[in-house]
Every structure is written in structure tokens, then in C-alpha cells.
>>> print(open('run_16.cif').read())   # mmCIF, C-alpha atoms and all ligand atoms
data_input
#
loop_
_atom_site.label_atom_id
_atom_site.label_comp_id
_atom_site.auth_asym_id
_atom_site.auth_seq_id
_atom_site.Cartn_x
_atom_site.Cartn_y
_atom_site.Cartn_z
CA ALA A 656 95.11 102.86 117.78
CA LEU A 657 93.72 104.52 114.69
CA ILE A 658 94.10 108.28 114.70
CA GLN A 659 90.99 110.12 113.59
CA GLY A 660 90.93 113.42 111.88
CA VAL A 661 93.73 113.38 109.25
CA THR A 662 92.13 114.25 105.94
CA ALA A 663 93.17 115.42 102.49
CA ARG A 664 92.19 118.94 103.59
CA ASN A 665 94.09 119.20 106.88
CA ILE A 666 97.11 117.08 106.10
CA ASP A 667 99.44 120.05 105.56
CA LEU A 668 98.65 121.29 109.06
CA HIS A 669 99.27 117.85 110.53
CA CYS A 670 102.57 117.75 108.65
CA ARG A 671 103.62 121.10 110.07
CA ASP A 672 102.57 120.22 113.62
CA SER A 673 103.17 116.52 114.02
CA PHE A 674 105.12 114.71 111.27
CA PRO A 675 108.59 113.34 112.11
CA PRO A 676 111.51 114.63 110.00
CA CYS A 677 111.51 111.68 107.58
CA MET A 678 107.85 112.13 106.63
CA ARG A 679 108.09 115.94 106.52
CA ARG A 680 110.85 115.56 103.98
CA MET A 681 108.87 113.17 101.76
CA PHE A 682 105.58 115.03 102.05
CA SER A 683 107.20 118.42 101.37
CA LYS A 684 108.94 117.02 98.32
CA LEU A 685 105.65 115.57 97.10
CA ARG A 686 104.05 119.01 97.39
CA GLU A 687 107.05 120.74 95.84
CA THR A 688 107.83 118.41 92.91
CA HIS A 689 104.41 116.69 92.53
CA HIS A 690 106.18 113.36 92.49
CA LEU A 691 108.00 110.79 94.62
CA LYS A 692 109.79 107.71 93.41
CA HIS A 693 108.53 104.24 94.33
CA THR A 694 110.19 103.75 97.75
CA GLY A 695 109.13 107.21 98.89
CA ARG A 696 105.54 106.57 97.79
CA MET A 697 105.53 103.32 99.76
CA GLN A 698 107.06 104.78 102.93
CA LEU A 699 104.98 107.96 102.96
CA GLY A 700 101.83 106.20 101.72
CA LEU A 701 101.89 103.62 104.51
CA PHE A 702 102.72 106.25 107.13
CA LEU A 703 99.70 108.31 106.03
CA LYS A 704 97.50 105.24 106.17
CA GLY A 705 98.75 104.59 109.73
CA ALA A 706 98.06 108.23 110.58
CA GLY A 707 94.41 107.64 109.74
CA LEU A 708 94.17 108.97 106.19
CA SER A 709 91.35 107.06 104.47
CA LEU A 710 91.80 105.35 101.11
CA GLU A 711 89.56 107.95 99.45
CA ASP A 712 91.54 110.85 100.89
CA SER A 713 94.80 109.13 100.09
CA MET A 714 93.72 108.82 96.46
CA GLN A 715 92.80 112.49 96.45
CA VAL A 716 96.16 113.63 97.84
CA TRP A 717 98.25 111.47 95.49
CA ARG A 718 96.08 112.09 92.44
CA GLU A 719 96.17 115.85 92.95
CA GLU A 720 99.97 115.86 92.91
CA LEU A 721 100.97 112.98 90.65
CA THR A 722 98.62 113.65 87.74
CA ARG A 723 100.45 116.95 87.27
CA VAL A 724 103.57 114.96 86.41
CA VAL A 725 102.42 111.54 85.19
CA GLY A 726 98.99 112.45 83.73
CA ASP A 727 96.82 109.46 82.77
CA LYS A 728 99.39 107.05 84.13
CA PHE A 729 98.09 107.88 87.59
CA ASP A 730 94.86 105.94 87.10
CA LYS A 731 96.54 103.18 85.09
CA GLU A 732 99.50 102.46 87.39
CA TYR A 733 99.79 104.52 90.54
CA ALA A 734 96.23 104.16 91.81
CA TYR A 735 96.75 100.39 91.91
CA ASN A 736 99.72 100.79 94.26
CA ILE A 737 97.72 102.99 96.61
CA ARG A 738 94.85 100.49 96.77
CA HIS A 739 97.53 97.82 97.23
CA ASN A 740 98.91 99.66 100.29
CA TYR A 741 95.39 99.52 101.73
CA GLY A 742 95.17 95.78 101.09
CA LEU A 743 92.67 96.02 98.23
CA GLU A 744 94.81 94.63 95.41
CA GLY A 745 97.22 91.75 94.83
CA LYS A 746 97.63 89.50 97.84
CA ARG A 747 95.24 91.73 99.82
CA VAL A 748 97.65 92.11 102.70
CA ASN A 749 96.98 95.02 105.04
CA TYR A 750 100.54 96.38 104.90
CA SER A 751 102.01 97.97 108.03
CA PRO A 752 103.80 101.32 108.04
CA TYR A 753 107.60 101.07 108.25
CA SER A 754 109.39 101.36 111.61
CA CYS A 755 112.55 103.46 112.03
CA ALA A 756 114.60 100.24 111.95
CA LYS A 757 113.26 99.59 108.45
CA LEU A 758 113.53 103.20 107.26
CA ILE A 759 117.03 103.97 108.52
CA PRO A 760 118.89 101.51 106.24
CA THR A 761 117.04 102.65 103.08
CA LEU A 762 119.29 105.27 101.49
CA PRO A 763 117.84 107.62 98.86
CA GLY A 764 119.50 107.87 95.46
CA THR A 765 119.52 110.97 93.26
CA GLY A 766 116.06 112.54 93.12
CA GLU A 767 114.80 110.38 96.01
CA TYR A 768 113.81 111.56 99.49
CA HIS A 769 112.90 108.42 101.43
CA GLY A 770 114.64 107.00 104.51
CA CYS A 771 115.75 108.76 107.70
CA PRO A 772 117.34 112.22 107.22
CA PHE A 773 119.35 111.68 110.42
CA ARG A 774 121.01 108.74 108.69
CA TYR A 775 121.63 110.00 105.18
CA MET A 776 122.22 113.76 105.53
CA GLU A 777 125.57 115.32 106.35
CA ARG A 778 125.75 117.73 109.27
CA ASP A 779 125.43 120.96 107.28
CA GLU A 780 122.60 119.63 105.12
CA LEU A 781 120.73 118.50 108.25
CA LEU A 782 121.16 121.87 109.89
CA GLU A 783 119.76 123.58 106.81
CA PHE A 784 116.85 121.10 106.61
CA LEU A 785 115.93 121.51 110.29
CA LYS A 786 115.91 125.31 109.97
CA SER A 787 114.03 125.33 106.65
CA ALA A 788 110.27 125.84 106.31
CA GLN A 789 109.93 122.03 106.18
CA CYS A 790 110.84 121.80 109.89
CA GLY A 791 110.87 125.38 111.15
CA LEU A 792 113.36 125.00 114.02
CA SER A 793 115.48 127.81 115.43
CA ASP A 794 119.26 127.63 115.17
CA ALA A 795 119.57 126.61 118.83
CA GLN A 796 116.87 123.92 118.49
CA ALA A 797 118.49 122.53 115.35
CA HIS A 798 121.88 122.26 117.07
CA ASN A 799 120.21 120.53 119.99
CA VAL A 800 118.69 117.92 117.66
CA LEU A 801 122.04 117.29 115.97
CA GLU A 802 123.99 116.78 119.19
CA PRO A 803 123.13 113.04 119.66
CA LEU A 804 124.18 112.37 116.07
CA PHE A 805 127.66 113.78 116.17
CA ARG A 806 129.15 112.80 119.55
CA LYS A 807 132.81 112.02 119.23
CA GLY A 808 133.54 108.29 119.03
CA GLU A 809 129.85 107.31 119.38
CA PRO A 810 127.41 105.84 116.88
CA LYS A 811 124.54 108.10 115.78
CA HIS A 812 121.70 108.01 118.30
CA TYR A 813 118.80 108.39 115.87
CA HIS A 814 115.95 107.97 118.33
CA VAL A 815 117.52 110.48 120.74
CA ALA A 816 117.77 113.04 117.93
CA CYS A 817 114.16 112.31 116.93
CA ARG A 818 113.01 112.81 120.50
CA ALA A 819 114.88 116.13 120.62
CA PHE A 820 113.02 117.10 117.43
CA TRP A 821 109.72 116.15 119.08
CA HIS A 822 110.67 118.30 122.07
CA ALA A 823 111.50 121.25 119.80
CA LEU A 824 108.08 120.97 118.12
CA HIS A 825 106.10 120.86 121.36
CA GLY A 826 108.29 122.71 123.84
CA ALA A 827 108.02 119.65 126.10
CA ASP A 828 108.91 115.96 126.24
CA PRO A 829 106.48 113.24 125.11
CA THR A 830 104.40 111.76 127.93
CA THR A 831 106.30 108.46 127.66
CA ASP A 832 109.92 107.54 128.34
CA GLU A 833 109.83 104.95 125.56
CA PRO A 834 112.26 105.72 122.76
CA ILE A 835 110.77 106.85 119.45
CA VAL A 836 111.21 103.87 117.17
CA HIS A 837 108.39 104.41 114.65
CA PRO A 838 107.27 107.44 112.62
CA ASN A 839 103.64 106.68 113.47
CA GLN A 840 104.52 106.55 117.18
CA PHE A 841 106.07 110.03 116.81
CA PHE A 842 102.88 111.21 115.11
CA GLU A 843 100.49 109.63 117.60
CA LEU A 844 102.33 111.06 120.60
CA SER A 845 102.19 114.47 118.97
CA TYR A 846 98.55 114.16 117.94
CA ARG A 847 97.58 113.16 121.49
CA ALA A 848 99.62 115.97 123.02
CA ARG A 849 97.78 118.44 120.79
CA HIS A 850 94.27 117.03 121.08
CA ASP A 851 93.91 115.60 124.60
FE1 LIG B 901 111.77 109.11 110.98
FE2 LIG B 901 112.54 107.35 112.82
FE3 LIG B 901 114.35 108.85 111.54
FE4 LIG B 901 112.68 109.95 113.34
S1 LIG B 901 114.31 108.40 113.74
S2 LIG B 901 113.22 110.78 111.34
S3 LIG B 901 110.81 108.77 112.97
S4 LIG B 901 113.03 107.26 110.64
#
>>> encode(input="run_16.cif", output="C-alpha cells")
Amino acid sequence: ALIQGVTARNIDLHCRDSFPPCMRRMFSKLRETHHLKHTGRMQLGLFLKGAGLSLEDSMQVWREELTRVVGDKFDKEYAYNIRHNYGLEGKRVNYSPYSCAKLIPTLPGTGEYHGCPFRYMERDELLEFLKSAQCGLSDAQAHNVLEPLFRKGEPKHYHVACRAFWHALHGADPTTDEPIVHPNQFFELSYRARHD
């Protein structure tokens, strides 16, 4: 279902209240550095579309940041990609936001911030990230989120960690037992919990 109410004006509040860690990281870096490399722009751009951000507002958000770094190139190159994400250019496909299964294997290179932080960050870096202004968790909450990732002899349980992050944000569990397998599912559950 399409989420109403995410706009260029209130997006920072939605990020603070309801974005999953992966999208917090990309959106914060966009605000901080006024740029994101291609894969990050795709992953964040499609997530924002799924979260209900209109094409017009999407243009506004990206233009505001990117023109500070790429200047005129925004209108010549980057605007095309945004319209493309919304199915208005090229093959006119209405592209779907990426699921966790698609995000987790994409590893960021130097100067990139896409993918799943639970996958690509080391323990100490994750702890710092979770307690930073980008996520705002307490030390105890951050350790709680990390626990499913660093169990001895077990693979990393990404969706369990993400659910623990959701719990830390809301002080409660989501209303469903379904595992969190999509950043937009994380967002929608949060949005509903806040607005119902
Ligand atoms: Fe994002 Fe999914 Fe990783 Fe959570 S588990 S941070 S929603 S990619």
C-alpha cells in the first residue's frame, strides 16, 4: 500500500522516526556530503519512492543536495535517472524498491554507503553507527541489536537484528510476527505504528 505523507519537507523527521538502518545511512550521507554514488542513489531513490515520496518531491530533495556538488550536471544527467526510477524514461518500467535479499549482497566500496550496514560493518563500526545521531540508540539498545549478528558459530541473523532495531525505535515489537525482509516493510510498519 502506498504510504501518504512523506514529502520533501518532512523527510528528515520520517528518517529519524522510521527509516531502517540501511536507508538512514544513505540518507544521512546524502545530507552530509550532498552526494551519493550510483548504487546508493538507486537504492535510496527507489526506497523513497516506495515510501510515498512523489516524483516532484524526489526531484526537489535530490536537486537541493546534488547541485551543490555536481552543478549543472544535475539537470543534464541525474534528473534523468530519477525520472527513470519513476518509470518515466527509458523502458518506462515502474521499478520496485530493493528487498533486503537484494541489498545485503551489495557491498559498498570507498566513498559508498549503500547495502546493509549489518552485513558490511565490523562490530565496533556498527556500535558507533547505532549510537550516532544517525540512529540515536543507547549503548544497551545498540548491544541488543548486535547480539543476533555475532552469535558464536552462527551465521548473521540480519532480519532479527533489524527487528531489534525496530523495537529500539518504538519501545515495542511490530504488530506482525513476519520477519523484516524489506526496507519499505520496516518503514510501513513504523509509519502505521506512529499514525494509526
Ligand atoms: Fe536494511 Fe534489510 Fe539490512 Fe534492515 S536488514 S538494514 S531493512 S537491508
>>> residues_near_ligand(input="run_16.cif", ligand="ligand LIG 901 (chain B)", cutoff="7 Å", atoms="all atoms listed in the file", output="PyMOL selection string")
chain A and resi 675-678+754-755+758-759+770-773+813-814+817+835-838+841
>>> write_last_selection(input="run_16.cif", atoms="C-alpha atoms", output="CSV table (one decimal), keeping the file's coordinate frame")
chain,number,residue,atom,x,y,z
A,675,PRO,CA,108.6,113.3,112.1
A,676,PRO,CA,111.5,114.6,110.0
A,677,CYS,CA,111.5,111.7,107.6
A,678,MET,CA,107.8,112.1,106.6
A,754,SER,CA,109.4,101.4,111.6
A,755,CYS,CA,112.6,103.5,112.0
A,758,LEU,CA,113.5,103.2,107.3
A,759,ILE,CA,117.0,104.0,108.5
A,770,GLY,CA,114.6,107.0,104.5
A,771,CYS,CA,115.8,108.8,107.7
A,772,PRO,CA,117.3,112.2,107.2
A,773,PHE,CA,119.4,111.7,110.4
A,813,TYR,CA,118.8,108.4,115.9
A,814,HIS,CA,116.0,108.0,118.3
A,817,CYS,CA,114.2,112.3,116.9
A,835,ILE,CA,110.8,106.8,119.4
A,836,VAL,CA,111.2,103.9,117.2
A,837,HIS,CA,108.4,104.4,114.6
A,838,PRO,CA,107.3,107.4,112.6
A,841,PHE,CA,106.1,110.0,116.8
>>> residues_around(input="run_16.cif", residues="Thr765 (chain A)", least_positions_apart="3", cutoff="12 Å", atoms="only C-alpha atoms", output="PyMOL selection string")
chain A and resi 691-692+762+768-769
>>> residues_around(input="run_16.cif", residues="Gly660 (chain A)", least_positions_apart="2", cutoff="9 Å", atoms="all atoms listed in the file", output="list in words")
Ile658, Thr662, Asn665, Ala706, Gly707 and Leu708 of chain A
>>> residues_around(input="run_16.cif", residues="Leu804 (chain A)", least_positions_apart="6", cutoff="7 Å", atoms="all atoms listed in the file", output="ChimeraX atom specification")
/A:811-813,816
>>> atom_distance(input="run_16.cif", atom1="CA of Gly791 (chain A)", atom2="CA of Asp851 (chain A)")
23.8 Å
>>> closest_residue(input="run_16.cif", among="A:Tyr741, A:Phe820, A:Tyr733, A:Phe682", to="Glu711 (chain A)", atoms="all atoms listed in the file")
A:Tyr741
>>> axis_aligned_box(input="run_16.cif", around="region 676-681 of chain A", padding_each_side="6 Å", output="AutoDock Vina command-line options")
--center_x 109.7 --center_y 113.8 --center_z 105.9 --size_x 15.7 --size_y 16.3 --size_z 20.2
>>> decode(input="run_16.cif", residues="region 789-803 of chain A", atoms="all heavy atoms", output="PDB file, in the first residue's frame")
ATOM      1  N   GLN A 789      22.800   9.432  13.639  1.00  0.00           N
ATOM      2  CA  GLN A 789      22.073   8.806  12.524  1.00  0.00           C
ATOM      3  C   GLN A 789      21.026   7.809  13.030  1.00  0.00           C
ATOM      4  O   GLN A 789      19.992   7.622  12.408  1.00  0.00           O
ATOM      5  CB  GLN A 789      23.045   8.073  11.588  1.00  0.00           C
ATOM      6  CG  GLN A 789      23.941   9.007  10.799  1.00  0.00           C
ATOM      7  CD  GLN A 789      24.985   8.248   9.991  1.00  0.00           C
ATOM      8  OE1 GLN A 789      24.698   7.243   9.372  1.00  0.00           O
ATOM      9  NE2 GLN A 789      26.207   8.739   9.992  1.00  0.00           N
ATOM     10  N   CYS A 790      21.318   7.116  14.133  1.00  0.00           N
ATOM     11  CA  CYS A 790      20.384   6.119  14.665  1.00  0.00           C
ATOM     12  C   CYS A 790      19.875   6.471  16.060  1.00  0.00           C
ATOM     13  O   CYS A 790      18.728   6.177  16.390  1.00  0.00           O
ATOM     14  CB  CYS A 790      21.037   4.738  14.708  1.00  0.00           C
ATOM     15  SG  CYS A 790      21.498   4.104  13.096  1.00  0.00           S
ATOM     16  N   GLY A 791      20.719   7.035  16.883  1.00  0.00           N
ATOM     17  CA  GLY A 791      20.289   7.545  18.181  1.00  0.00           C
ATOM     18  C   GLY A 791      19.978   6.493  19.244  1.00  0.00           C
ATOM     19  O   GLY A 791      19.190   6.754  20.155  1.00  0.00           O
ATOM     20  N   LEU A 792      20.570   5.306  19.160  1.00  0.00           N
ATOM     21  CA  LEU A 792      20.294   4.283  20.169  1.00  0.00           C
ATOM     22  C   LEU A 792      21.202   4.467  21.389  1.00  0.00           C
ATOM     23  O   LEU A 792      22.300   5.021  21.292  1.00  0.00           O
ATOM     24  CB  LEU A 792      20.518   2.870  19.605  1.00  0.00           C
ATOM     25  CG  LEU A 792      19.686   2.428  18.399  1.00  0.00           C
ATOM     26  CD1 LEU A 792      19.770   0.909  18.243  1.00  0.00           C
ATOM     27  CD2 LEU A 792      18.242   2.866  18.475  1.00  0.00           C
ATOM     28  N   SER A 793      20.712   3.950  22.521  1.00  0.00           N
ATOM     29  CA  SER A 793      21.543   3.922  23.727  1.00  0.00           C
ATOM     30  C   SER A 793      22.556   2.782  23.595  1.00  0.00           C
ATOM     31  O   SER A 793      22.430   1.919  22.720  1.00  0.00           O
ATOM     32  CB  SER A 793      20.665   3.682  24.954  1.00  0.00           C
ATOM     33  OG  SER A 793      20.184   2.351  24.932  1.00  0.00           O
ATOM     34  N   ASP A 794      23.527   2.762  24.486  1.00  0.00           N
ATOM     35  CA  ASP A 794      24.530   1.701  24.466  1.00  0.00           C
ATOM     36  C   ASP A 794      23.873   0.323  24.625  1.00  0.00           C
ATOM     37  O   ASP A 794      24.181  -0.611  23.880  1.00  0.00           O
ATOM     38  CB  ASP A 794      25.540   1.958  25.600  1.00  0.00           C
ATOM     39  CG  ASP A 794      26.742   1.043  25.495  1.00  0.00           C
ATOM     40  OD1 ASP A 794      27.435   1.093  24.452  1.00  0.00           O
ATOM     41  OD2 ASP A 794      26.971   0.264  26.432  1.00  0.00           O
ATOM     42  N   ALA A 795      22.940   0.218  25.566  1.00  0.00           N
ATOM     43  CA  ALA A 795      22.276  -1.070  25.804  1.00  0.00           C
ATOM     44  C   ALA A 795      21.461  -1.496  24.579  1.00  0.00           C
ATOM     45  O   ALA A 795      21.489  -2.670  24.170  1.00  0.00           O
ATOM     46  CB  ALA A 795      21.367  -0.957  27.031  1.00  0.00           C
ATOM     47  N   GLN A 796      20.739  -0.552  23.971  1.00  0.00           N
ATOM     48  CA  GLN A 796      19.942  -0.864  22.776  1.00  0.00           C
ATOM     49  C   GLN A 796      20.842  -1.316  21.632  1.00  0.00           C
ATOM     50  O   GLN A 796      20.540  -2.268  20.919  1.00  0.00           O
ATOM     51  CB  GLN A 796      19.148   0.372  22.329  1.00  0.00           C
ATOM     52  CG  GLN A 796      17.979   0.712  23.232  1.00  0.00           C
ATOM     53  CD  GLN A 796      17.341   2.040  22.855  1.00  0.00           C
ATOM     54  OE1 GLN A 796      18.034   2.988  22.444  1.00  0.00           O
ATOM     55  NE2 GLN A 796      16.038   2.132  23.010  1.00  0.00           N
ATOM     56  N   ALA A 797      21.958  -0.627  21.466  1.00  0.00           N
ATOM     57  CA  ALA A 797      22.877  -0.961  20.376  1.00  0.00           C
ATOM     58  C   ALA A 797      23.438  -2.379  20.570  1.00  0.00           C
ATOM     59  O   ALA A 797      23.498  -3.163  19.617  1.00  0.00           O
ATOM     60  CB  ALA A 797      24.002   0.063  20.301  1.00  0.00           C
ATOM     61  N   HIS A 798      23.801  -2.719  21.778  1.00  0.00           N
ATOM     62  CA  HIS A 798      24.304  -4.073  22.043  1.00  0.00           C
ATOM     63  C   HIS A 798      23.232  -5.122  21.785  1.00  0.00           C
ATOM     64  O   HIS A 798      23.510  -6.201  21.274  1.00  0.00           O
ATOM     65  CB  HIS A 798      24.831  -4.187  23.481  1.00  0.00           C
ATOM     66  CG  HIS A 798      26.231  -3.677  23.625  1.00  0.00           C
ATOM     67  ND1 HIS A 798      26.527  -2.390  24.003  1.00  0.00           N
ATOM     68  CD2 HIS A 798      27.427  -4.283  23.400  1.00  0.00           C
ATOM     69  CE1 HIS A 798      27.836  -2.223  24.018  1.00  0.00           C
ATOM     70  NE2 HIS A 798      28.409  -3.348  23.652  1.00  0.00           N
ATOM     71  N   ASN A 799      22.013  -4.793  22.112  1.00  0.00           N
ATOM     72  CA  ASN A 799      20.894  -5.683  21.871  1.00  0.00           C
ATOM     73  C   ASN A 799      20.697  -5.969  20.379  1.00  0.00           C
ATOM     74  O   ASN A 799      20.419  -7.093  19.972  1.00  0.00           O
ATOM     75  CB  ASN A 799      19.641  -5.024  22.454  1.00  0.00           C
ATOM     76  CG  ASN A 799      18.613  -6.036  22.862  1.00  0.00           C
ATOM     77  OD1 ASN A 799      18.968  -7.147  23.225  1.00  0.00           O
ATOM     78  ND2 ASN A 799      17.359  -5.648  22.773  1.00  0.00           N
ATOM     79  N   VAL A 800      20.855  -4.924  19.556  1.00  0.00           N
ATOM     80  CA  VAL A 800      20.716  -5.064  18.106  1.00  0.00           C
ATOM     81  C   VAL A 800      21.852  -5.927  17.546  1.00  0.00           C
ATOM     82  O   VAL A 800      21.646  -6.742  16.636  1.00  0.00           O
ATOM     83  CB  VAL A 800      20.691  -3.673  17.424  1.00  0.00           C
ATOM     84  CG1 VAL A 800      20.786  -3.799  15.913  1.00  0.00           C
ATOM     85  CG2 VAL A 800      19.422  -2.915  17.821  1.00  0.00           C
ATOM     86  N   LEU A 801      23.025  -5.783  18.095  1.00  0.00           N
ATOM     87  CA  LEU A 801      24.190  -6.521  17.579  1.00  0.00           C
ATOM     88  C   LEU A 801      24.164  -8.009  17.915  1.00  0.00           C
ATOM     89  O   LEU A 801      24.747  -8.817  17.186  1.00  0.00           O
ATOM     90  CB  LEU A 801      25.481  -5.932  18.165  1.00  0.00           C
ATOM     91  CG  LEU A 801      25.889  -4.551  17.688  1.00  0.00           C
ATOM     92  CD1 LEU A 801      27.299  -4.246  18.135  1.00  0.00           C
ATOM     93  CD2 LEU A 801      25.806  -4.458  16.174  1.00  0.00           C
ATOM     94  N   GLU A 802      23.485  -8.340  18.996  1.00  0.00           N
ATOM     95  CA  GLU A 802      23.545  -9.723  19.506  1.00  0.00           C
ATOM     96  C   GLU A 802      23.251 -10.785  18.437  1.00  0.00           C
ATOM     97  O   GLU A 802      24.017 -11.744  18.300  1.00  0.00           O
ATOM     98  CB  GLU A 802      22.609  -9.835  20.733  1.00  0.00           C
ATOM     99  CG  GLU A 802      22.727 -11.127  21.499  1.00  0.00           C
ATOM    100  CD  GLU A 802      21.882 -12.239  20.903  1.00  0.00           C
ATOM    101  OE1 GLU A 802      20.775 -11.945  20.388  1.00  0.00           O
ATOM    102  OE2 GLU A 802      22.346 -13.387  20.923  1.00  0.00           O
ATOM    103  N   PRO A 803      22.180 -10.633  17.612  1.00  0.00           N
ATOM    104  CA  PRO A 803      21.899 -11.688  16.613  1.00  0.00           C
ATOM    105  C   PRO A 803      22.928 -11.753  15.477  1.00  0.00           C
ATOM    106  O   PRO A 803      22.875 -12.670  14.656  1.00  0.00           O
ATOM    107  CB  PRO A 803      20.534 -11.274  16.033  1.00  0.00           C
ATOM    108  CG  PRO A 803      20.019 -10.188  16.907  1.00  0.00           C
ATOM    109  CD  PRO A 803      21.173  -9.560  17.594  1.00  0.00           C
TER     110      PRO A 803
END
